[in-house]
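Q: So here's protein36.cif (mmCIF, C-alpha atoms and all ligand atoms).
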```cif
data_data
loop_
_atom_site.label_atom_id
_atom_site.label_comp_id
_atom_site.auth_asym_id
_atom_site.auth_seq_id
_atom_site.Cartn_x
_atom_site.Cartn_y
_atom_site.Cartn_z
CA MET A 1304 0.00 0.00 0.00
CA ASP A 1305 1.48 3.40 -0.98
CA ARG A 1306 0.92 6.21 1.49
CA PRO A 1307 1.72 9.90 0.92
CA THR A 1308 5.23 11.06 1.64
CA HIS A 1309 5.22 12.93 4.97
CA LEU A 1310 7.16 16.13 4.47
CA PHE A 1311 7.78 19.13 6.68
CA PRO A 1312 6.49 18.43 10.16
CA ASP A 1313 7.14 21.44 12.43
CA TRP A 1314 10.70 20.50 13.35
CA GLY A 1315 11.39 19.50 9.69
CA ILE A 1316 10.62 23.11 8.71
CA SER A 1317 13.03 24.46 11.28
CA PHE A 1318 15.71 22.15 9.84
CA ALA A 1319 14.93 23.36 6.31
CA LEU A 1320 15.29 26.99 7.44
CA GLN A 1321 18.56 26.21 9.24
CA ARG A 1322 19.87 24.61 6.06
CA LEU A 1323 18.81 27.57 3.86
CA SER A 1324 20.69 29.93 6.16
CA SER A 1325 23.83 27.75 6.11
CA PHE A 1326 23.77 27.56 2.29
CA ALA A 1327 23.27 31.36 2.17
CA GLY A 1328 26.46 31.69 4.25
CA GLY A 1329 28.36 29.64 1.61
CA MET A 1330 28.64 26.52 3.80
CA SER A 1331 27.59 23.17 2.40
CA ASP A 1332 26.15 20.75 4.90
CA MET A 1333 23.92 17.71 5.01
CA LEU A 1334 21.57 15.91 7.38
CA SER A 1335 22.60 12.75 9.11
CA VAL A 1336 20.81 10.50 11.62
CA ARG A 1337 23.44 9.52 14.22
CA HIS A 1338 23.77 8.02 17.66
CA HIS A 1339 26.56 8.70 20.16
CA GLU A 1340 25.71 5.73 22.38
CA PHE A 1341 23.87 2.42 22.00
CA GLY A 1342 20.25 2.36 23.12
CA ALA A 1343 16.60 2.64 22.13
CA PRO A 1344 16.18 4.60 18.84
CA SER A 1345 13.73 7.00 20.55
CA GLU A 1346 16.41 7.89 23.09
CA VAL A 1347 19.70 7.88 21.19
CA LEU A 1348 19.01 8.93 17.58
CA ARG A 1349 19.77 12.56 16.71
CA VAL A 1350 19.30 14.42 13.43
CA GLU A 1351 22.57 16.30 12.97
CA SER A 1352 24.06 18.65 10.42
CA LEU A 1353 27.48 17.59 9.08
CA PRO A 1354 29.74 18.86 6.29
CA VAL A 1355 29.13 17.26 2.89
CA PRO A 1356 32.17 14.97 2.38
CA GLU A 1357 34.54 15.45 -0.58
CA PRO A 1358 35.70 12.32 -2.46
CA GLY A 1359 39.43 11.61 -2.20
CA PRO A 1360 41.56 10.08 -5.01
CA GLY A 1361 39.93 6.87 -6.29
CA GLU A 1362 36.67 7.64 -4.45
CA VAL A 1363 33.19 8.73 -5.47
CA ARG A 1364 30.59 10.66 -3.52
CA VAL A 1365 27.09 9.15 -3.47
CA LYS A 1366 23.88 11.13 -2.89
CA LEU A 1367 21.13 9.25 -1.08
CA LEU A 1368 17.96 8.55 -3.07
CA ALA A 1369 16.16 6.26 -0.60
CA ALA A 1370 17.13 4.25 2.50
CA THR A 1371 15.32 1.39 4.23
CA ILE A 1372 14.44 0.69 7.87
CA ASN A 1373 15.20 -2.94 8.76
CA PRO A 1374 14.98 -4.88 12.05
CA SER A 1375 18.78 -5.21 12.07
CA ASP A 1376 19.07 -1.40 12.23
CA TYR A 1377 17.51 -1.56 15.70
CA GLY A 1378 20.07 -4.22 16.67
CA MET A 1379 22.93 -1.98 15.49
CA ILE A 1380 21.54 1.13 17.21
CA GLY A 1381 20.87 -0.89 20.37
CA GLY A 1382 24.31 -2.57 20.38
CA SER A 1383 23.09 -6.18 20.12
CA TYR A 1384 23.85 -6.89 16.42
CA GLY A 1385 26.56 -9.29 15.22
CA SER A 1386 28.75 -6.39 13.97
CA LEU A 1387 28.70 -2.83 15.32
CA ARG A 1388 29.99 0.56 14.12
CA GLU A 1389 32.31 2.84 16.05
CA LEU A 1390 30.51 5.66 17.87
CA PRO A 1391 29.32 8.21 16.97
CA ALA A 1392 27.71 6.19 14.17
CA VAL A 1393 25.37 7.04 11.31
CA ALA A 1394 22.43 4.62 11.49
CA GLY A 1395 20.96 2.56 8.64
CA ARG A 1396 22.33 -0.36 6.66
CA GLU A 1397 20.47 -0.35 3.36
CA GLY A 1398 19.87 2.30 0.71
CA VAL A 1399 20.34 3.34 -2.90
CA GLY A 1400 22.07 6.49 -4.12
CA ALA A 1401 23.31 8.23 -7.26
CA VAL A 1402 27.01 8.91 -7.87
CA ASP A 1403 27.25 12.72 -7.74
CA ALA A 1404 30.99 13.53 -7.66
CA LEU A 1405 34.12 11.70 -8.82
CA GLY A 1406 37.48 11.88 -7.02
CA GLU A 1407 40.78 12.18 -8.83
CA GLY A 1408 41.53 9.29 -11.19
CA VAL A 1409 38.03 7.77 -11.24
CA ASP A 1410 36.88 6.86 -14.75
CA SER A 1411 35.13 3.53 -14.13
CA VAL A 1412 31.71 5.08 -13.36
CA GLN A 1413 29.76 8.16 -14.42
CA THR A 1414 27.86 10.63 -12.27
CA GLY A 1415 24.17 9.73 -12.08
CA ALA A 1416 24.77 5.98 -11.93
CA HIS A 1417 22.61 4.25 -9.30
CA VAL A 1418 24.60 2.30 -6.71
CA ARG A 1419 24.25 0.74 -3.27
CA PHE A 1420 24.71 3.58 -0.75
CA PRO A 1421 28.06 3.25 1.12
CA ASP A 1422 28.01 0.85 4.04
CA GLY A 1423 29.02 3.29 6.80
CA GLY A 1424 25.42 4.38 7.52
CA THR A 1425 22.62 4.99 5.02
CA TRP A 1426 20.46 7.41 7.01
CA GLN A 1427 22.40 10.44 5.76
CA GLU A 1428 22.38 12.51 2.58
CA TYR A 1429 25.89 11.92 1.21
CA ALA A 1430 28.80 9.53 1.73
CA CYS A 1431 32.06 8.70 -0.08
CA MET A 1432 33.51 5.31 -0.93
CA PRO A 1433 36.19 3.74 -3.17
CA ALA A 1434 34.94 3.53 -6.77
CA GLU A 1435 36.23 -0.04 -7.03
CA ASP A 1436 33.86 -1.22 -4.25
CA LEU A 1437 30.68 0.20 -5.83
CA LEU A 1438 27.74 -2.15 -6.35
CA LEU A 1439 25.98 -0.87 -9.47
CA VAL A 1440 22.22 -1.20 -9.62
CA ASP A 1441 20.55 -2.38 -12.79
CA ALA A 1442 19.24 0.81 -14.47
CA SER A 1443 15.81 -0.79 -15.05
CA VAL A 1444 15.15 -1.20 -11.31
CA PRO A 1445 12.93 1.61 -9.87
CA VAL A 1446 14.54 3.59 -7.01
CA GLU A 1447 12.13 2.29 -4.34
CA GLN A 1448 12.73 -1.34 -5.34
CA ALA A 1449 16.50 -0.75 -5.49
CA ALA A 1450 16.38 0.71 -1.96
CA VAL A 1451 15.00 -2.58 -0.60
CA SER A 1452 17.07 -4.90 -2.80
CA PHE A 1453 20.37 -5.29 -0.93
CA ILE A 1454 19.59 -7.31 2.21
CA ASN A 1455 16.22 -9.07 2.29
CA PRO A 1456 15.82 -10.36 -1.32
CA PRO A 1457 19.38 -11.78 -1.47
CA THR A 1458 18.84 -13.37 1.95
CA ALA A 1459 15.61 -14.96 0.68
CA PHE A 1460 17.39 -16.21 -2.43
CA CYS A 1461 20.21 -17.80 -0.39
CA LEU A 1462 17.72 -19.42 2.00
CA LEU A 1463 16.01 -21.11 -0.95
CA ASP A 1464 19.09 -21.87 -3.02
CA LYS A 1465 22.00 -22.51 -0.66
CA ILE A 1466 20.81 -24.37 2.43
CA VAL A 1467 19.33 -27.63 1.11
CA ASP A 1468 18.96 -29.08 -2.35
CA LEU A 1469 15.31 -28.34 -3.19
CA LYS A 1470 13.56 -29.78 -6.23
CA GLU A 1471 10.58 -28.42 -8.15
CA GLY A 1472 7.38 -29.12 -6.21
CA ASP A 1473 9.11 -29.32 -2.79
CA TRP A 1474 7.36 -27.67 0.17
CA ILE A 1475 8.90 -25.12 2.51
CA VAL A 1476 7.45 -23.32 5.54
CA GLN A 1477 8.35 -19.82 6.79
CA ASN A 1478 7.25 -17.50 9.58
CA ALA A 1479 6.96 -13.68 9.27
CA GLY A 1480 5.35 -14.36 5.89
CA ASN A 1481 4.49 -10.67 5.46
CA SER A 1482 8.07 -9.45 6.12
CA ALA A 1483 10.29 -8.28 3.26
CA VAL A 1484 12.18 -11.60 3.44
CA GLY A 1485 8.85 -13.46 3.61
CA LEU A 1486 7.36 -11.72 0.57
CA SER A 1487 10.62 -12.28 -1.33
CA VAL A 1488 10.53 -15.98 -0.39
CA ILE A 1489 6.91 -16.33 -1.57
CA GLN A 1490 7.62 -14.73 -4.96
CA MET A 1491 11.01 -16.38 -5.54
CA ALA A 1492 9.71 -19.81 -4.51
CA LYS A 1493 6.89 -19.43 -7.03
CA ALA A 1494 9.38 -18.50 -9.75
CA MET A 1495 11.53 -21.53 -8.78
CA GLY A 1496 8.58 -23.96 -8.75
CA LEU A 1497 8.63 -24.45 -4.96
CA LYS A 1498 5.53 -24.54 -2.71
CA THR A 1499 5.17 -22.34 0.38
CA ILE A 1500 3.35 -22.35 3.71
CA SER A 1501 3.58 -18.88 5.29
CA GLN A 1502 2.84 -18.27 8.98
CA VAL A 1503 1.38 -14.83 9.84
CA ARG A 1504 0.04 -13.17 12.98
CA ARG A 1505 -2.95 -11.39 11.44
CA GLU A 1506 -5.94 -12.79 9.53
CA GLU A 1507 -6.05 -9.72 7.26
CA LEU A 1508 -2.70 -10.79 5.72
CA VAL A 1509 -4.02 -14.07 4.29
CA GLU A 1510 -5.58 -12.65 1.09
CA PRO A 1511 -2.70 -10.26 0.23
CA LEU A 1512 -0.13 -13.07 0.66
CA LEU A 1513 -2.16 -15.43 -1.53
CA ALA A 1514 -2.22 -12.62 -4.12
CA TYR A 1515 1.62 -12.49 -3.95
CA GLY A 1516 1.66 -16.19 -4.87
CA ALA A 1517 1.67 -17.98 -1.49
CA ASP A 1518 0.34 -21.55 -1.72
CA GLN A 1519 -0.87 -21.74 1.91
CA VAL A 1520 -1.09 -19.07 4.59
CA VAL A 1521 -1.65 -20.16 8.22
CA LEU A 1522 -2.27 -18.23 11.42
CA GLU A 1523 0.23 -18.43 14.27
CA GLY A 1524 -1.20 -20.21 17.30
CA SER A 1525 -3.86 -22.06 15.27
CA ALA A 1526 -2.26 -25.53 15.73
CA TRP A 1527 -1.79 -25.58 11.95
CA PRO A 1528 0.83 -28.42 11.95
CA LYS A 1529 -2.06 -30.79 12.82
CA LYS A 1530 -3.57 -29.94 9.43
CA LEU A 1531 -0.34 -30.47 7.50
CA LYS A 1532 -1.63 -33.33 5.33
CA GLU A 1533 -4.49 -31.12 4.21
CA LEU A 1534 -2.11 -28.22 3.50
CA THR A 1535 0.48 -30.09 1.40
CA GLY A 1536 -1.63 -33.00 0.14
CA GLY A 1537 0.60 -35.36 2.16
CA ALA A 1538 3.94 -34.15 0.74
CA PRO A 1539 6.72 -33.63 3.34
CA VAL A 1540 8.07 -30.18 4.25
CA LYS A 1541 11.79 -30.09 3.41
CA LEU A 1542 12.87 -26.68 4.73
CA ALA A 1543 11.68 -24.32 7.48
CA LEU A 1544 12.74 -20.66 7.50
CA ASN A 1545 12.66 -19.16 10.99
CA SER A 1546 13.13 -15.45 11.73
CA ILE A 1547 10.84 -15.32 14.78
CA GLY A 1548 11.70 -18.02 17.37
CA GLY A 1549 9.45 -19.13 20.28
CA GLU A 1550 6.27 -21.15 19.58
CA SER A 1551 6.35 -20.14 15.92
CA ALA A 1552 9.68 -21.96 15.45
CA ILE A 1553 8.45 -25.01 17.41
CA ASP A 1554 5.42 -25.34 15.10
CA GLN A 1555 7.81 -25.41 12.14
CA ILE A 1556 9.86 -28.23 13.67
CA LYS A 1557 6.66 -30.23 14.20
CA ALA A 1558 5.76 -29.70 10.54
CA LEU A 1559 9.15 -30.69 9.08
CA GLY A 1560 9.38 -34.05 7.38
CA ASP A 1561 11.95 -36.73 8.20
CA GLY A 1562 15.47 -35.30 7.76
CA GLY A 1563 14.09 -31.78 7.20
CA THR A 1564 16.12 -28.65 7.96
CA GLN A 1565 15.22 -25.56 9.94
CA VAL A 1566 17.34 -22.50 9.24
CA THR A 1567 17.20 -19.67 11.78
CA PHE A 1568 18.17 -16.26 10.40
CA GLY A 1569 16.33 -13.88 12.76
CA GLY A 1570 14.87 -13.72 16.26
CA MET A 1571 11.99 -11.25 16.33
CA VAL A 1572 10.83 -12.59 19.71
CA ALA A 1573 13.66 -12.05 22.16
CA ASP A 1574 13.30 -15.60 23.45
CA LYS A 1575 15.53 -18.68 23.28
CA VAL A 1576 14.49 -21.20 20.63
CA ARG A 1577 13.29 -24.20 22.62
CA PHE A 1578 13.62 -27.52 20.84
CA PRO A 1579 11.12 -30.41 21.07
CA THR A 1580 13.71 -33.16 21.60
CA ARG A 1581 11.70 -36.05 20.15
CA PHE A 1582 11.77 -34.44 16.67
CA LEU A 1583 15.57 -34.37 16.71
CA ILE A 1584 15.74 -38.04 17.67
CA PHE A 1585 12.87 -39.61 15.76
CA ASN A 1586 12.72 -37.30 12.70
CA ASP A 1587 16.45 -36.49 12.40
CA VAL A 1588 15.61 -32.79 11.95
CA ARG A 1589 18.61 -30.47 11.34
CA LEU A 1590 19.05 -26.96 12.79
CA VAL A 1591 21.29 -24.49 10.99
CA GLY A 1592 21.77 -20.71 10.79
CA PHE A 1593 22.28 -18.12 8.04
CA TRP A 1594 23.65 -14.53 8.03
CA TRP A 1595 23.85 -12.60 4.73
CA ASP A 1596 26.69 -10.40 6.08
CA LYS A 1597 28.76 -13.51 6.76
CA PHE A 1598 27.93 -14.91 3.31
CA CYS A 1599 29.20 -11.64 1.76
CA LYS A 1600 32.44 -11.84 3.76
CA THR A 1601 33.18 -15.53 3.31
CA GLU A 1602 31.96 -16.11 -0.25
CA GLY A 1603 33.41 -12.93 -1.78
CA ALA A 1604 32.36 -10.32 -4.34
CA ASP A 1605 31.71 -12.69 -7.26
CA ALA A 1606 29.26 -14.82 -5.26
CA VAL A 1607 27.47 -11.69 -4.01
CA LEU A 1608 27.20 -10.28 -7.56
CA GLU A 1609 25.80 -13.60 -8.77
CA VAL A 1610 23.08 -13.51 -6.10
CA MET A 1611 22.30 -9.82 -6.80
CA ASP A 1612 22.10 -10.61 -10.50
CA ARG A 1613 19.43 -13.25 -9.75
CA VAL A 1614 17.53 -10.71 -7.62
CA TYR A 1615 17.62 -8.01 -10.32
CA THR A 1616 16.67 -10.50 -13.04
CA MET A 1617 13.56 -11.46 -11.05
CA MET A 1618 12.72 -7.78 -10.47
CA ARG A 1619 13.22 -6.98 -14.16
CA GLU A 1620 11.06 -9.91 -15.25
CA GLY A 1621 8.24 -8.90 -12.88
CA GLN A 1622 8.66 -12.00 -10.67
CA LEU A 1623 9.70 -9.99 -7.60
CA LYS A 1624 8.22 -6.72 -6.34
CA LEU A 1625 8.19 -5.60 -2.72
CA PRO A 1626 5.49 -3.30 -1.34
CA ILE A 1627 6.43 0.10 0.11
CA GLU A 1628 4.34 1.06 3.13
CA ALA A 1629 5.35 4.73 3.48
CA THR A 1630 8.16 7.22 2.85
CA TYR A 1631 9.42 9.82 5.33
CA ALA A 1632 12.05 12.57 5.16
CA LEU A 1633 15.20 12.01 7.27
CA PRO A 1634 14.24 14.55 9.99
CA GLN A 1635 11.04 12.55 10.58
CA ILE A 1636 13.03 9.54 11.72
CA GLN A 1637 11.05 9.01 14.95
CA GLU A 1638 7.72 9.10 13.12
CA ALA A 1639 9.14 6.69 10.52
CA ILE A 1640 10.30 4.25 13.22
CA GLN A 1641 6.94 4.41 14.99
CA HIS A 1642 5.27 3.56 11.68
CA ASP A 1643 7.77 0.73 11.05
CA LYS A 1644 6.92 -0.83 14.41
CA SER A 1645 3.16 -0.79 13.79
CA PRO A 1646 1.33 -3.54 11.82
CA LYS A 1647 2.20 -3.07 8.15
CA LEU A 1648 2.75 -4.76 4.82
CA GLY A 1649 5.83 -3.28 3.18
CA LYS A 1650 8.97 -1.34 4.02
CA VAL A 1651 9.14 2.14 5.46
CA LEU A 1652 11.62 4.24 3.46
CA LEU A 1653 13.61 7.36 4.29
CA ARG A 1654 14.37 10.05 1.72
CA PRO A 1655 16.66 13.08 1.97
N1 LIG B 1701 20.31 -13.39 8.89
C1 LIG B 1701 20.23 -12.55 7.86
O1 LIG B 1701 21.14 -12.46 7.05
C2 LIG B 1701 19.00 -11.70 7.71
C3 LIG B 1701 18.85 -10.89 6.58
C4 LIG B 1701 17.67 -10.16 6.44
C5 LIG B 1701 16.68 -10.22 7.42
N2 LIG B 1701 16.90 -11.01 8.51
C6 LIG B 1701 15.86 -11.15 9.56
O2 LIG B 1701 14.66 -11.53 8.92
C7 LIG B 1701 13.56 -11.04 9.66
C8 LIG B 1701 12.65 -10.27 8.74
O3 LIG B 1701 13.30 -9.08 8.30
P1 LIG B 1701 12.52 -8.07 7.35
O4 LIG B 1701 13.34 -6.86 7.15
O5 LIG B 1701 12.07 -8.85 6.19
O6 LIG B 1701 11.27 -7.72 8.32
P2 LIG B 1701 10.13 -6.65 8.13
O7 LIG B 1701 9.76 -6.50 6.71
O8 LIG B 1701 10.50 -5.42 8.89
O9 LIG B 1701 8.91 -7.35 8.90
C9 LIG B 1701 9.01 -7.68 10.26
C10 LIG B 1701 8.28 -9.00 10.46
O10 LIG B 1701 8.48 -9.47 11.78
C11 LIG B 1701 7.21 -9.78 12.38
N3 LIG B 1701 7.31 -9.57 13.81
C12 LIG B 1701 7.79 -8.47 14.43
N4 LIG B 1701 7.79 -8.66 15.76
C13 LIG B 1701 7.30 -9.90 15.97
C14 LIG B 1701 7.04 -10.67 17.14
N5 LIG B 1701 7.29 -10.20 18.35
N6 LIG B 1701 6.52 -11.91 16.97
C15 LIG B 1701 6.25 -12.39 15.75
N7 LIG B 1701 6.47 -11.69 14.61
C16 LIG B 1701 7.00 -10.47 14.73
C17 LIG B 1701 6.24 -8.82 11.70
O11 LIG B 1701 4.92 -9.32 11.81
P3 LIG B 1701 3.68 -8.32 12.03
O12 LIG B 1701 3.46 -7.61 10.73
O13 LIG B 1701 2.57 -9.23 12.40
O14 LIG B 1701 4.08 -7.38 13.13
C18 LIG B 1701 6.77 -8.88 10.26
O15 LIG B 1701 6.32 -10.04 9.63
C19 LIG B 1701 14.15 -10.21 10.81
O16 LIG B 1701 14.26 -11.04 11.93
C20 LIG B 1701 15.53 -9.87 10.29
O17 LIG B 1701 16.44 -9.60 11.32
C21 LIG B 1701 18.02 -11.75 8.67
#
```
Represent the structure contained in this file as structure tokens.

A:
Amino acid sequence: MDRPTHLFPDWGISFALQRLSSFAGGMSDMLSVRHHEFGAPSEVLRVESLPVPEPGPGEVRVKLLAATINPSDYGMIGGSYGSLRELPAVAGREGVGAVDALGEGVDSVQTGAHVRFPDGGTWQEYACMPAEDLLLVDASVPVEQAAVSFINPPTAFCLLDKIVDLKEGDWIVQNAGNSAVGLSVIQMAKAMGLKTISQVRREELVEPLLAYGADQVVLEGSAWPKKLKELTGGAPVKLALNSIGGESAIDQIKALGDGGTQVTFGGMVADKVRFPTRFLIFNDVRLVGFWWDKFCKTEGADAVLEVMDRVYTMMREGQLKLPIEATYALPQIQEAIQHDKSPKLGKVLLRP
């Protein structure tokens, strides 16, 4: 669902006026959402004015077009994520920008090219990075889709392609079916000939998910594993994708077929995953993990480009499109986060 862009709340206007006066004085500055300590976003995030950086030799400067809010951003701001930035840190991990200035000696890219926004924090207007590390975005991908393309779709692709050897017609189950990963899984699985059961927390999500191509959508807490034969026509479930934990993950383990695999890649409920022992013994179920950041580090640039190429091909061919729930300007970061934490179907984006 597209909602109107929320521009110029009262304090946004005061920022705009501040910026006009600094430009009038010949200074060039930009907005940046930073935190000087780890903690709750409502307590530690500050909208700050910083000088626009100049690209050094071999570098380019990138202007933000759109950034995403992801659950892992809260982990990084709060200090609980698997890798953390030095403080003070610019928040945000995902975004798309346009190259807007070239440093000395750069001739491999032209200004205007769309690229992944530099990794050191995407909730800011400009950042510089080495030209050789740029990830170019397929020109046919719309800005909003590019903004949400760098973390969740490649994770979904790896979950389907790299954990177990799935064959056409195989069944998988996933929780958080309405998340960006979940909607990517539904659409990619359909394109790959796989069948999906998606667990959701709200009845109103069933129809929209079926419209995205889900085969079965089940409600959390409805004892759905008891109806598994009905759901899959008796076929076993080969793979379970868990980004929630708690009872939701236990239901998946009950639904897995003999020798099935559960991959945990997120923990939206801050609870330990409890394991029903008998399924490990009698069904030989496997438990594994996945982290896209680690894949990028260990598998290297070529493997990442190959995955991104698959993502952009599916976007280009109309097999993958993620909904955008709303777009906010950077100074409205608290409003944007509040919206992100409310029931939704689609990503909340930030624009300069
Ligand atoms: N390991 C990796 O490499 C990797 C990469 C990407 C994402 N992830 C993980 O994948 C998950 C989804 O990310 P995303 O960006 O796709 O999410 P998203 O679009 O922001 O959606 C969040 C999802 O989490 C659900 N949720 C939130 N709190 C919950 C709770 N307490 N209990 C049950 N469900 C809850 C929401 O359901 P409602 O709509 O009902 O609230 C929604 O389905 C996150 O855990 C994220 O950290 C991991």

Q: Name all residues at most 10 Å from Asp1436 (chain A) (count all atoms listed in the file; drop same-chain ones fewer than 6 positions away) and give them as a PyMOL selection string.

A: chain A and resi 1362+1419+1421+1604

Q: I'd like the neighbourhood of Glu1389 (chain A) as a PyMOL selection string, where a residue qualifies if any of its atoms comes within 10 Å (using all atoms listed in the file), though same-chain residues fewer than 6 positions away should be ignored.

A: chain A and resi 1339-1340+1423

Q: Could you save the residues just selected, with C-alpha atoms, as a PDB file, keeping the file's coordinate frame?

A:
```pdb
ATOM      1  CA  HIS A1339      26.560   8.700  20.160  1.00  0.00           C
ATOM      2  CA  GLU A1340      25.710   5.730  22.380  1.00  0.00           C
ATOM      3  CA  GLY A1423      29.020   3.290   6.800  1.00  0.00           C
TER       4      GLY A1423
END
```

Q: Between CA of Ile1627 (chain A) and CA of Leu1652 (chain A), what distance in Å does the model show, to one decimal?

A: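 One can read the CA of Ile1627 (chain A) to CA of Leu1652 (chain A) distance as 7.4 Å.
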
Q: Using all atoms listed in the file, tabulate the residues of chain A lying at most 7 Å from any atom of ligand LIG 1701 (chain B), each with its closest atom pair and that distance in Å to one decimal, by chain and increasing residue number, as JSON lines.

A:
```
{"residue": "A:Asn1373", "atom": "CA", "partner": "B:LIG1701", "partner_atom": "O4", "distance": 4.6}
{"residue": "A:Pro1374", "atom": "CA", "partner": "B:LIG1701", "partner_atom": "O17", "distance": 5.0}
{"residue": "A:Ser1375", "atom": "CA", "partner": "B:LIG1701", "partner_atom": "O17", "distance": 5.0}
{"residue": "A:Ile1454", "atom": "CA", "partner": "B:LIG1701", "partner_atom": "C4", "distance": 5.4}
{"residue": "A:Asn1455", "atom": "CA", "partner": "B:LIG1701", "partner_atom": "C4", "distance": 4.5}
{"residue": "A:Thr1458", "atom": "CA", "partner": "B:LIG1701", "partner_atom": "C3", "distance": 5.3}
{"residue": "A:Ala1479", "atom": "CA", "partner": "B:LIG1701", "partner_atom": "O15", "distance": 3.7}
{"residue": "A:Gly1480", "atom": "CA", "partner": "B:LIG1701", "partner_atom": "O15", "distance": 5.8}
{"residue": "A:Asn1481", "atom": "CA", "partner": "B:LIG1701", "partner_atom": "O15", "distance": 4.6}
{"residue": "A:Ser1482", "atom": "CA", "partner": "B:LIG1701", "partner_atom": "O7", "distance": 3.5}
{"residue": "A:Ala1483", "atom": "CA", "partner": "B:LIG1701", "partner_atom": "O5", "distance": 3.5}
{"residue": "A:Val1484", "atom": "CA", "partner": "B:LIG1701", "partner_atom": "O5", "distance": 3.9}
{"residue": "A:Gly1485", "atom": "CA", "partner": "B:LIG1701", "partner_atom": "O5", "distance": 6.2}
{"residue": "A:Val1503", "atom": "CA", "partner": "B:LIG1701", "partner_atom": "O13", "distance": 6.3}
{"residue": "A:Arg1504", "atom": "CA", "partner": "B:LIG1701", "partner_atom": "O13", "distance": 4.7}
{"residue": "A:Arg1505", "atom": "CA", "partner": "B:LIG1701", "partner_atom": "O13", "distance": 6.0}
{"residue": "A:Ser1546", "atom": "CA", "partner": "B:LIG1701", "partner_atom": "O16", "distance": 4.6}
{"residue": "A:Ile1547", "atom": "CA", "partner": "B:LIG1701", "partner_atom": "C15", "distance": 5.5}
{"residue": "A:Phe1568", "atom": "CA", "partner": "B:LIG1701", "partner_atom": "N1", "distance": 3.9}
{"residue": "A:Gly1569", "atom": "CA", "partner": "B:LIG1701", "partner_atom": "O16", "distance": 3.6}
{"residue": "A:Gly1570", "atom": "CA", "partner": "B:LIG1701", "partner_atom": "O16", "distance": 5.1}
{"residue": "A:Met1571", "atom": "CA", "partner": "B:LIG1701", "partner_atom": "C13", "distance": 4.9}
{"residue": "A:Val1572", "atom": "CA", "partner": "B:LIG1701", "partner_atom": "N5", "distance": 4.5}
{"residue": "A:Phe1593", "atom": "CA", "partner": "B:LIG1701", "partner_atom": "N1", "distance": 5.2}
{"residue": "A:Trp1594", "atom": "CA", "partner": "B:LIG1701", "partner_atom": "O1", "distance": 3.4}
{"residue": "A:Trp1595", "atom": "CA", "partner": "B:LIG1701", "partner_atom": "O1", "distance": 3.6}
{"residue": "A:Asp1596", "atom": "CA", "partner": "B:LIG1701", "partner_atom": "O1", "distance": 6.0}
{"residue": "A:Ser1645", "atom": "CA", "partner": "B:LIG1701", "partner_atom": "O14", "distance": 6.7}
{"residue": "A:Pro1646", "atom": "CA", "partner": "B:LIG1701", "partner_atom": "O12", "distance": 4.7}
{"residue": "A:Lys1647", "atom": "CA", "partner": "B:LIG1701", "partner_atom": "O12", "distance": 5.4}
{"residue": "A:Leu1648", "atom": "CA", "partner": "B:LIG1701", "partner_atom": "O12", "distance": 6.6}
{"residue": "A:Gly1649", "atom": "CA", "partner": "B:LIG1701", "partner_atom": "O7", "distance": 6.2}
{"residue": "A:Lys1650", "atom": "CA", "partner": "B:LIG1701", "partner_atom": "O7", "distance": 5.9}
```

Q: Quote the spacing between CA of Leu1544 (chain A) and CA of Pro1344 (chain A) in Å to one decimal place.

A: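 Computing it gives 27.9 Å between the two atoms.
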
Q: When distances are computed from only C-alpha atoms, which of A:Pro1626, A:Pro1356, A:Pro1445, A:Pro1528 shows the smallest separation from Asp1403 (chain A)?

A: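 Nearest to Asp1403 (chain A): A:Pro1356.
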
Q: Using all atoms listed in the file, give me every residue within 10 Å of (3.7, -14.3, 0.9) in file coordinates, as an NGL selection string.

A: :A and (1477-1493 or 1499-1503 or 1508-1520)

Q: If you count only C-alpha atoms, which residues fall within 8 Å of Val1610 (chain A), apart from same-chain ones fewer than 5 positions away, as a list in words?

A: Pro1457, Phe1460 and Cys1461 of chain A

Q: Considering only C-alpha atoms, state which residue in the set A:Val1336, A:Leu1405, A:Leu1653, A:Leu1438 is at the smallest distance from Val1607 (chain A).

A: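 Smallest distance to Val1607 (chain A) is found for A:Leu1438.
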
Q: In Å to one decimal, how far is CA of Val1476 (chain A) from CA of Phe1582 (chain A)?

A: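 Pair CA of Phe1582 (chain A) / CA of Val1476 (chain A) returns 16.3 Å.
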